[in-house]
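Raw final_13.txt, compact mmCIF, C-alpha atoms:
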# COMPACT_ATOMS: atom_id res chain seq x y z
CA SER M 1 124.59 106.31 105.06
CA SER M 2 127.61 108.55 104.91
CA ALA M 3 126.51 110.15 108.18
CA GLY M 4 126.26 106.79 109.93
CA SER M 5 122.88 107.68 111.46
CA GLN M 6 120.35 106.97 108.78
CA LYS M 7 116.67 106.46 109.42
CA SER M 8 114.67 103.73 107.73
CA LEU M 9 113.66 104.02 104.08
CA GLY M 10 110.04 104.35 105.18
CA ASP M 11 110.88 107.33 107.40
CA TYR M 12 112.38 109.22 104.47
CA CYS M 13 109.34 108.42 102.34
CA LYS M 14 107.10 110.15 104.90
CA ASP M 15 108.76 113.39 103.83
CA SER M 16 106.68 115.11 101.15
CA SER M 17 109.83 116.70 99.69
CA VAL M 18 111.13 113.30 98.53
CA ASP M 19 110.08 112.03 95.08
CA ALA M 20 112.53 109.15 94.51
CA ILE M 21 115.15 107.27 96.52
CA ALA M 22 118.06 105.17 95.28
CA LEU M 23 119.14 102.40 97.67
CA ALA M 24 122.94 102.36 97.87
CA PHE M 25 124.69 100.12 97.10
CA LEU M 26 124.86 96.93 95.14
CA TYR M 27 128.61 97.37 95.47
CA GLN M 28 129.88 94.10 94.03
CA PHE M 29 128.81 92.39 90.82
CA PRO M 30 128.41 90.09 88.98
CA ASN M 31 129.10 88.29 92.29
CA THR M 32 126.24 90.05 94.06
CA LYS M 33 126.97 91.80 97.34
CA LEU M 34 124.83 94.49 98.97
CA ASP M 35 125.39 97.03 101.73
CA PHE M 36 122.53 99.07 103.21
CA SER M 37 124.34 99.98 106.43
CA SER M 38 122.28 99.52 109.60
CA ASN M 39 119.01 99.04 107.71
CA CYS M 40 119.77 95.42 106.85
CA ARG M 41 122.16 92.95 108.46
CA SER M 42 120.44 89.56 108.01
CA THR M 43 121.31 87.11 105.24
CA PHE M 44 119.74 84.09 103.58
CA PRO M 45 120.68 80.80 105.34
CA GLY M 46 124.02 79.49 104.15
CA SER M 47 124.68 82.62 102.09
CA ASP M 48 126.19 86.09 102.45
CA LEU M 49 123.40 87.60 100.33
CA LEU M 50 121.42 90.12 102.36
CA HIS M 51 117.76 89.37 103.09
CA CYS M 52 115.93 92.60 103.98
CA PRO M 53 112.23 92.12 104.83
CA ASP M 54 112.03 95.47 106.66
CA ILE M 55 113.30 97.33 103.59
CA ALA M 56 110.85 95.28 101.50
CA ALA M 57 107.94 96.59 103.58
CA ASP M 58 109.32 100.13 103.30
CA ILE M 59 109.60 99.83 99.51
CA LYS M 60 105.90 99.02 99.30
CA TYR M 61 105.06 101.89 101.63
CA CYS M 62 107.14 104.35 99.59
CA GLN M 63 105.46 103.24 96.37
CA SER M 64 102.04 103.65 97.99
CA GLN M 65 103.04 107.28 98.60
CA GLY M 66 103.81 107.82 94.90
CA LYS M 67 107.60 107.60 95.29
CA ALA M 68 109.98 105.60 93.10
CA VAL M 69 112.57 103.32 94.73
CA LEU M 70 115.66 102.38 92.71
CA LEU M 71 118.69 100.21 93.39
CA SER M 72 122.03 101.93 92.87
CA MET M 73 124.86 99.81 91.48
CA GLY M 74 128.51 100.70 91.98
CA GLY M 75 129.64 103.56 94.18
CA ALA M 76 133.03 104.97 95.06
CA ALA M 77 134.12 101.77 96.83
CA GLY M 78 133.55 98.20 95.74
CA ALA M 79 134.65 95.52 93.32
CA TYR M 80 132.45 95.52 90.24
CA GLY M 81 132.42 95.42 86.48
CA PHE M 82 131.81 93.21 83.46
CA GLY M 83 134.31 91.41 81.31
CA SER M 84 132.09 91.26 78.24
CA ASP M 85 128.66 92.13 76.83
CA SER M 86 127.47 88.54 77.33
CA GLU M 87 128.41 88.63 81.03
CA ALA M 88 126.55 91.94 81.40
CA GLN M 89 123.45 90.56 79.68
CA THR M 90 123.46 87.49 81.92
CA TYR M 91 123.72 89.68 85.00
CA ALA M 92 120.87 91.87 83.77
CA ASN M 93 118.71 88.72 83.81
CA THR M 94 119.88 88.05 87.38
CA VAL M 95 119.00 91.59 88.50
CA TRP M 96 115.58 91.32 86.86
CA ASP M 97 114.88 88.12 88.81
CA MET M 98 116.34 89.30 92.12
CA PHE M 99 115.04 92.86 92.38
CA LEU M 100 112.56 93.70 89.61
CA GLY M 101 109.70 91.89 87.89
CA GLY M 102 111.28 88.43 87.67
CA SER M 103 110.96 85.43 89.96
CA GLY M 104 114.31 84.46 91.47
CA SER M 105 114.61 81.89 94.23
CA GLN M 106 116.39 84.39 96.52
CA ARG M 107 115.07 87.94 96.40
CA PRO M 108 116.62 90.31 98.98
CA PHE M 109 113.38 92.32 99.10
CA ASP M 110 111.07 89.30 98.80
CA ASP M 111 108.01 90.15 96.67
CA ALA M 112 108.66 93.92 96.69
CA VAL M 113 109.41 95.07 93.14
CA LEU M 114 111.78 98.00 92.68
CA ASP M 115 111.08 100.75 90.15
CA GLY M 116 114.42 100.62 88.38
CA ILE M 117 118.21 100.60 88.45
CA ASP M 118 120.70 103.43 88.93
CA LEU M 119 124.27 103.16 87.61
CA ASP M 120 126.81 104.98 89.78
CA ILE M 121 129.92 103.60 88.09
CA GLU M 122 133.08 105.14 89.49
CA GLY M 123 135.67 102.41 88.92
CA GLY M 124 136.53 99.17 87.18
CA SER M 125 136.04 98.59 83.46
CA THR M 126 133.68 100.51 81.17
CA ALA M 127 132.75 97.31 79.28
CA GLY M 128 129.28 95.87 79.07
CA TYR M 129 127.06 98.55 80.56
CA ALA M 130 125.25 99.45 77.34
CA ALA M 131 124.49 95.76 76.79
CA TYR M 132 123.37 95.50 80.42
CA VAL M 133 120.91 98.38 80.02
CA ALA M 134 119.61 97.02 76.73
CA GLN M 135 118.96 93.61 78.26
CA LEU M 136 117.13 95.12 81.22
CA ARG M 137 115.01 97.19 78.83
CA SER M 138 114.05 94.05 76.94
CA HIS M 139 112.53 92.81 80.19
CA PHE M 140 110.86 96.17 80.81
CA GLU M 141 109.25 96.15 77.39
CA ALA M 142 107.97 92.60 77.83
CA SER M 143 106.33 93.50 81.15
CA SER M 144 103.01 95.33 81.22
CA ASP M 145 102.70 95.40 85.02
CA LYS M 146 104.42 98.74 85.66
CA SER M 147 106.91 101.28 84.39
CA TYR M 148 110.61 100.77 85.10
CA TYR M 149 113.44 103.27 84.89
CA ILE M 150 117.16 103.40 84.20
CA THR M 151 119.14 106.25 85.74
CA GLY M 152 122.82 107.15 85.84
CA ALA M 153 125.02 109.20 88.16
CA PRO M 154 128.07 110.42 86.23
CA GLN M 155 130.69 112.82 87.55
CA CYS M 156 130.32 116.36 86.19
CA PRO M 157 133.53 116.47 84.04
CA PHE M 158 132.25 115.89 80.50
CA PRO M 159 132.31 113.29 79.12
CA ASP M 160 132.23 111.06 82.17
CA ALA M 161 135.24 108.72 82.22
CA MET M 162 133.26 105.63 83.25
CA LEU M 163 129.74 106.11 81.85
CA GLY M 164 130.34 108.44 78.89
CA SER M 165 130.01 105.89 76.09
CA THR M 166 127.10 104.12 77.81
CA LEU M 167 125.21 107.39 78.23
CA ASN M 168 125.55 107.99 74.48
CA SER M 169 124.32 104.57 73.38
CA ALA M 170 121.85 103.36 76.05
CA TRP M 171 118.43 104.77 76.93
CA PHE M 172 118.42 106.59 80.27
CA ASP M 173 115.31 108.15 81.77
CA MET M 174 117.12 110.39 84.25
CA VAL M 175 120.75 111.37 84.80
CA PHE M 176 121.90 112.56 88.23
CA VAL M 177 125.05 114.54 87.46
CA GLN M 178 127.38 114.68 90.48
CA PHE M 179 128.24 118.38 90.66
CA TYR M 180 130.63 117.88 93.57
CA ASN M 181 134.16 116.62 94.27
CA ASN M 182 135.20 118.14 90.95
CA PHE M 183 136.27 121.44 89.40
CA CYS M 184 132.88 121.76 87.64
CA GLY M 185 130.79 121.52 90.81
CA LEU M 186 128.26 123.78 92.45
CA ASP M 187 131.00 125.66 94.27
CA ALA M 188 132.34 126.73 90.84
CA TYR M 189 129.04 128.37 89.80
CA PRO M 190 128.67 130.28 87.55
CA GLN M 191 131.94 130.33 85.57
CA GLY M 192 133.12 126.75 86.16
CA PHE M 193 129.72 125.09 86.54
CA ASN M 194 129.17 123.07 83.35
CA TYR M 195 125.43 122.27 83.29
CA GLU M 196 125.35 123.76 79.77
CA GLN M 197 127.60 120.94 78.48
CA TRP M 198 125.30 118.33 79.93
CA ASP M 199 122.24 120.06 78.48
CA ALA M 200 123.86 120.00 75.04
CA TRP M 201 124.58 116.29 75.47
CA ALA M 202 120.98 115.59 76.49
CA LYS M 203 119.58 117.27 73.40
CA SER M 204 122.11 116.16 70.78
CA GLN M 205 123.94 112.99 71.86
CA SER M 206 121.70 111.14 74.32
CA ALA M 207 119.75 108.17 72.98
CA ASN M 208 116.74 109.64 74.83
CA LYS M 209 116.43 113.25 73.68
CA ASN M 210 113.88 113.84 76.48
CA VAL M 211 116.20 112.63 79.24
CA LYS M 212 115.96 114.71 82.42
CA LEU M 213 119.08 116.03 84.13
CA TYR M 214 119.27 116.40 87.90
CA ILE M 215 121.75 118.58 89.73
CA GLY M 216 123.60 116.27 92.11
CA ALA M 217 124.48 118.10 95.34
CA PRO M 218 126.05 117.16 98.70
CA GLY M 219 123.50 117.30 101.50
CA SER M 220 125.98 118.75 103.99
CA GLN M 221 129.56 119.98 104.33
CA SER M 222 130.74 116.49 105.33
CA ALA M 223 128.94 114.64 102.51
CA ALA M 224 131.63 115.48 99.94
CA GLY M 225 135.18 116.76 99.74
CA ARG M 226 134.03 119.87 97.90
CA GLY M 227 130.96 121.20 96.14
CA TYR M 228 128.61 121.84 99.07
CA VAL M 229 126.59 125.05 98.88
CA ASP M 230 123.89 126.13 101.30
CA ALA M 231 120.19 125.89 100.49
CA SER M 232 119.78 129.54 99.51
CA LYS M 233 122.67 129.28 97.03
CA ILE M 234 121.44 126.08 95.39
CA ASN M 235 117.91 127.49 95.18
CA SER M 236 119.37 130.48 93.32
CA ILE M 237 121.28 128.15 90.97
CA VAL M 238 118.18 126.04 90.36
CA SER M 239 116.12 129.14 89.55
CA ASP M 240 118.71 130.13 86.95
CA ILE M 241 119.10 126.66 85.41
CA ARG M 242 115.45 125.70 85.11
CA GLY M 243 114.72 129.05 83.51
CA LYS M 244 117.29 128.38 80.79
CA TYR M 245 117.29 124.65 80.13
CA SER M 246 114.31 122.39 79.39
CA SER M 247 116.42 119.35 80.31
CA PHE M 248 116.31 120.26 84.01
CA GLY M 249 114.52 117.64 86.11
CA GLY M 250 115.32 118.49 89.72
CA VAL M 251 117.94 117.99 92.42
CA MET M 252 119.57 114.78 93.61
CA THR M 253 121.37 114.76 96.95
CA TRP M 254 124.01 112.54 98.49
CA ASP M 255 122.76 111.40 100.84
CA ALA M 256 119.45 111.34 102.67
CA SER M 257 120.99 110.89 106.11
CA GLN M 258 122.91 114.15 105.73
CA ALA M 259 120.42 116.23 103.75
CA PHE M 260 117.46 115.52 106.03
CA ASP M 261 118.83 114.52 109.44
CA SER M 262 121.32 117.19 110.40
CA SER M 263 119.64 120.34 109.07
CA SER M 264 116.74 121.66 107.03
CA TRP M 265 118.84 121.64 103.84
CA GLY M 266 116.75 119.00 102.08
CA GLN M 267 113.42 120.55 102.97
CA SER M 268 114.64 124.01 101.99
CA VAL M 269 115.88 122.85 98.59
CA SER M 270 112.68 120.94 97.94
CA SER M 271 110.61 123.96 98.92
CA GLY M 272 112.61 126.03 96.45
CA LEU M 273 112.00 123.49 93.71
CA LYS M 274 108.27 123.39 94.36
CA SER M 275 107.67 127.08 94.82
CA GLY M 276 107.03 127.73 91.13
CA GLY M 277 103.72 128.44 89.49
CA ALA M 278 103.53 132.18 90.03
CA GLN M 279 100.19 133.62 88.96
CA LYS M 280 100.35 135.62 85.74
CA ARG M 281 97.89 137.72 83.73
CA ALA M 282 97.32 137.05 80.05
CA MET M 283 94.84 138.01 77.34
CA ASP M 284 92.23 135.37 76.56
CA PRO M 285 92.23 135.15 72.72
CA TYR M 286 88.56 134.14 72.67
CA SER M 287 86.97 136.65 75.04
CA GLY M 288 89.56 139.43 74.84
CA LYS M 289 89.54 139.61 78.64
CA LEU M 290 92.52 139.46 80.98
CA ILE M 291 92.68 136.11 82.74
CA SER M 292 94.96 134.53 85.35
CA THR M 293 97.20 131.56 84.54
CA ARG M 294 99.58 129.40 86.54
CA ALA M 295 101.92 126.62 85.34
CA ALA M 296 104.60 124.37 86.80
CA ASN M 297 106.43 121.12 86.20
CA VAL M 298 105.69 118.46 88.81
CA THR M 299 107.34 115.13 89.58
CA ALA M 300 105.96 111.84 90.89
CA GLY M 301 108.80 109.38 91.25
CA ALA M 302 110.25 109.19 87.76
CA LEU M 303 107.22 110.80 86.08
CA HIS M 304 107.48 114.41 84.95
CA ALA M 305 104.37 116.31 83.98
CA ARG M 306 103.46 119.86 83.01
CA LEU M 307 100.41 121.34 84.74
CA GLU M 308 98.61 124.48 83.65
CA LEU M 309 95.71 126.20 85.40
CA ILE M 310 93.79 128.76 83.37
CA GLU M 311 91.02 131.03 84.62
CA SER M 312 87.89 130.46 82.58
CA THR M 313 85.65 133.04 81.00
CA ALA M 314 83.48 130.44 79.29
CA LEU M 315 81.17 130.20 82.29
CA GLU M 316 79.49 133.52 83.06
CA ALA M 317 79.94 134.45 86.70
CA ASP M 318 76.61 135.26 88.32
CA SER M 319 78.32 137.03 91.23
CA ALA M 320 81.75 138.20 92.34
CA ASP M 321 82.32 135.08 94.43
CA THR M 322 81.97 132.64 91.50
CA PHE M 323 85.06 131.05 89.97
CA ALA M 324 85.85 128.63 87.15
CA PHE M 325 89.16 127.36 85.81
CA LEU M 326 90.59 124.80 83.43
CA VAL M 327 93.34 122.32 84.36
CA ARG M 328 95.59 120.85 81.67
CA ILE M 329 98.11 118.11 82.36
CA GLN M 330 100.60 116.47 80.00
CA SER M 331 103.45 114.05 80.75
CA VAL M 332 106.93 115.23 79.78
CA GLY M 333 109.33 112.67 78.33
CA GLN M 334 108.70 109.20 79.78
CA PRO M 335 105.14 107.95 79.12
CA ILE M 336 103.30 106.33 82.01
CA GLN M 337 101.02 103.40 82.62
CA ARG M 338 97.37 103.88 83.43
CA GLY M 339 96.23 104.31 87.02
CA TRP M 340 97.57 107.78 87.88
CA GLU M 341 95.94 110.08 90.44
CA MET M 342 96.25 113.84 90.96
CA ARG M 343 95.36 115.72 94.17
CA ILE M 344 94.85 119.50 94.08
CA PRO M 345 94.91 121.24 97.50
CA LEU M 346 92.00 123.68 97.85
CA SER M 347 92.38 126.89 99.80
CA ALA M 348 90.18 127.65 102.77
CA GLY M 349 86.84 129.10 101.68
CA ILE M 350 86.76 127.28 98.33
CA ALA M 351 83.58 125.32 97.59
CA VAL M 352 83.60 123.27 94.39
CA ALA M 353 80.14 123.13 92.83
CA GLU M 354 81.06 121.45 89.54
CA ALA M 355 84.04 119.45 88.34
CA SER M 356 84.01 117.67 85.02
CA ALA M 357 86.75 115.44 83.62
CA GLN M 358 85.46 113.39 80.72
CA SER M 359 86.04 109.65 81.26
CA HIS M 360 87.95 110.29 84.48
CA HIS M 361 86.95 110.08 88.13
CA ILE M 362 86.82 113.34 90.05
CA LYS M 363 85.73 114.17 93.61
CA VAL M 364 86.43 116.47 96.56
CA HIS M 365 88.01 114.71 99.55
CA GLU M 366 89.49 116.31 102.69
CA ASP M 367 90.03 119.77 101.16
CA MET M 368 91.50 118.29 98.01
CA LEU M 369 90.18 117.91 94.50
CA VAL M 370 91.07 114.33 93.50
CA VAL M 371 91.24 113.33 89.83
CA ALA M 372 91.92 109.69 88.93
CA ASP M 373 92.60 108.02 85.61
CA GLY M 374 89.42 106.42 84.31
CA GLY M 375 91.31 104.13 81.94
CA SER M 376 90.72 106.14 78.77
CA SER M 377 93.69 108.55 78.71
CA ASP M 378 96.60 107.75 76.46
CA ARG M 379 100.10 107.23 77.88
CA SER M 380 100.97 110.87 77.28
CA MET M 381 98.50 111.59 80.11
CA ALA M 382 96.89 114.43 78.13
CA VAL M 383 93.91 115.52 80.21
CA ALA M 384 91.87 118.71 80.53
CA PHE M 385 89.02 119.31 82.97
CA TRP M 386 86.80 122.07 84.37
CA VAL M 387 86.37 123.17 87.95
CA ALA M 388 83.77 125.71 89.07
CA GLY M 389 82.32 126.91 92.35
CA ARG M 390 82.29 129.73 94.86
CA HIS M 391 84.90 131.29 97.10
CA ALA M 392 84.75 133.26 100.32
CA GLY M 393 86.91 136.36 100.20
CA ASN M 394 87.63 139.38 98.09
CA GLU M 395 89.48 137.65 95.26
CA PHE M 396 89.87 134.08 94.00
CA GLY M 397 93.40 132.81 93.44
CA LEU M 398 94.21 129.83 91.25
CA PRO M 399 95.72 126.87 93.16
CA ASP M 400 99.52 126.65 92.89
CA PRO M 401 100.29 123.82 90.43
CA ALA M 402 103.67 123.31 92.12
CA ARG M 403 101.75 122.09 95.21
CA ILE M 404 99.64 119.61 93.28
CA MET M 405 100.44 116.00 94.19
CA LEU M 406 100.74 113.42 91.43
CA PHE M 407 100.74 109.65 91.98
CA ALA M 408 101.59 107.16 89.26

Could you express the structure from this file as C-alpha cells?
Amino acid sequence: SSAGSQKSLGDYCKDSSVDAIALAFLYQFPNTKLDFSSNCRSTFPGSDLLHCPDIAADIKYCQSQGKAVLLSMGGAAGAYGFGSDSEAQTYANTVWDMFLGGSGSQRPFDDAVLDGIDLDIEGGSTAGYAAYVAQLRSHFEASSDKSYYITGAPQCPFPDAMLGSTLNSAWFDMVFVQFYNNFCGLDAYPQGFNYEQWDAWAKSQSANKNVKLYIGAPGSQSAAGRGYVDASKINSIVSDIRGKYSSFGGVMTWDASQAFDSSSWGQSVSSGLKSGGAQKRAMDPYSGKLISTRAANVTAGALHARLELIESTALEADSADTFAFLVRIQSVGQPIQRGWEMRIPLSAGIAVAEASAQSHHIKVHEDMLVVADGGSSDRSMAVAFWVAGRHAGNEFGLPDPARIMLFA
C-alpha cells in the first residue's frame, strides 16, 4: 500500500469495478521474501517467510466473485534477479509449489491457489525471465484444474529496459504498461503518449499476438512522481484508445489503496470503461427491417469476451409489448476452461417468457438472466441463445452488454 492505509484484499474484491488484483510484492527472489504491508505480519515458525491465512481466505472469496488474483514479483525496491536460466527454472518450480497448483511444504496462502504471476521487474539483471515464464507455463499446460496467467508491468519507454527481451520471447496474457513516471505517460497525451508503439509490438513482435494491453495509471496525485490525470481525462483517453486499437484490454492502477480509498477515481474510471454498448440501428439482411444492436467487450479476471445483443425479427411479435433478441458471446484471445457463468441484468418491467441456449443452463434469478456452461461449449466460448418475452412500457431497450457480469 503506497498510501499506508489499505483495506483487506477481500474488501477490494467487494467492489464490482475490480476485475483482477495483483498482490505486491514478492520483492526478493530466489531467496523468497514477501511484503503485503499491514495485511500480513505473521511468519512460519522458525522462518521469516510470511504465513497469511487471512489473505488466503480473501483469495478464495475474490475468486468466488469472478476476480483473478495474481502475485506480483519485483517492484521498484527489493533485491531480486536470476543468475542463469537454470536458476530461473528451478525458482519457477518453487513458485508453482508455494503459490500455484503445486504442493509445497510451506505455502504462504495455505491451500488457496493464485491465478497467475505478474512480473514488475524494475532492477537487477535481465537474465532468466524468459526461461522462468516457460517453466511456469510447462506446469500450467500439465494442469487441467484451472487457467493460469502470466502478466508483465513494463515501463512505457519502448522497449522496456528490463523486460523488453522477455516480452518478445515469452508468452504473456496481459501487459500492464506503466504510463507514469516517464516522458511517455498519461500526462504527455496525446503527442508524447506512446500507446501506438506498444500496440505495434503486441501485433508484430509479441509471442502472443492476442496479448491485451492495459493502460497503467496512478490512482492519485501521490501514487507516482508524474503521470496522474483525473478520471475525466483518463476516460477520454480510454475512449480514444479503445476505438483505435484492438489490443486494448483495460486500465491498471497503482495502487488500490489510493485509487479506491481517497476518492472516487477508481469507480469513475471503471464506470467509464464499462459504459460502452450504445444501442445502434442496423438493417437485418434477412428481413430487410431495421433492428437494434448492442455490443461490448467484457472482462472477468483475465478472460476477455465479446458480447453482442441483436434484436430478433425471427419471432413474430403478437403485440407491441413483445420482444425477442439474440445474444452472442465469444472469448477474445486467451481460451478458458469450462464452468463459466454469465448474468444479464434485466430492466424493471421485463418478463422473460422463453430463453433457449442449446446444451447450456439458463434461468431467471433475482432480476437477472443467468446462463451457465453446460459442458458442451468449446474453449472459445462460442455461444448463441434466444431470449423472448414481454415488457411494460412504450419501447423495449436491449440490455447493455457492458453491464453483463461474466464469471469464469

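Distance annotation: of M:Gly74, M:Pro154, M:Gly249, M:Gly185, the residue with the minimal separation from Gly227 in chain M is M:Gly185; atom set is all atoms listed in the file.
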
List the spatial neighbours of Asn235 in chain M as a PyMOL selection string - criterion: any atom at most 9 Å away, all atoms listed in the file, same-chain residues fewer than 2 positions off excluded. chain M and resi 230-233+237-240+268-273

Shell around range 92-102 of chain M at 8 Å using all atoms listed in the file, local window under 2 positions removed, as a list in words: Ala88, Gln89, Thr90, Gly104, Ser105, Gln106, Arg107, Pro108, Phe109, Ala112, Val113, Leu114, Asp115, Gly116, Tyr132, Val133, Gln135, Leu136, His139 and Ser143 of chain M

What separation in Å, quoted to one decimal, exists between CA of Gly266 in chain M and CA of Ala161 in chain M?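 One can read the CA of Gly266 in chain M to CA of Ala161 in chain M distance as 29.0 Å.
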
Give me the range 110-181 of chain M side of the contact with range 188-196 of chain M, cut-off 12 Å, one line per residue showing its nearest atom pair and distance in Å at one decimal, counting all atoms listed in the file, sorted by chain and residue number, as CSV.
residue,atom,partner,partner_atom,distance
M:Gln155,CA,M:Asn194,CA,11.2
M:Cys156,CA,M:Asn194,CA,7.4
M:Pro157,CA,M:Asn194,CA,7.9
M:Phe158,CA,M:Asn194,CA,8.3
M:Pro159,CA,M:Asn194,CA,11.1
M:Val175,CA,M:Tyr195,CA,12.0
M:Phe176,CA,M:Tyr195,CA,11.5
M:Val177,CA,M:Tyr195,CA,8.8
M:Gln178,CA,M:Tyr195,CA,10.6
M:Phe179,CA,M:Phe193,CA,8.0
M:Tyr180,CA,M:Ala188,CA,9.4
M:Asn181,CA,M:Ala188,CA,10.8
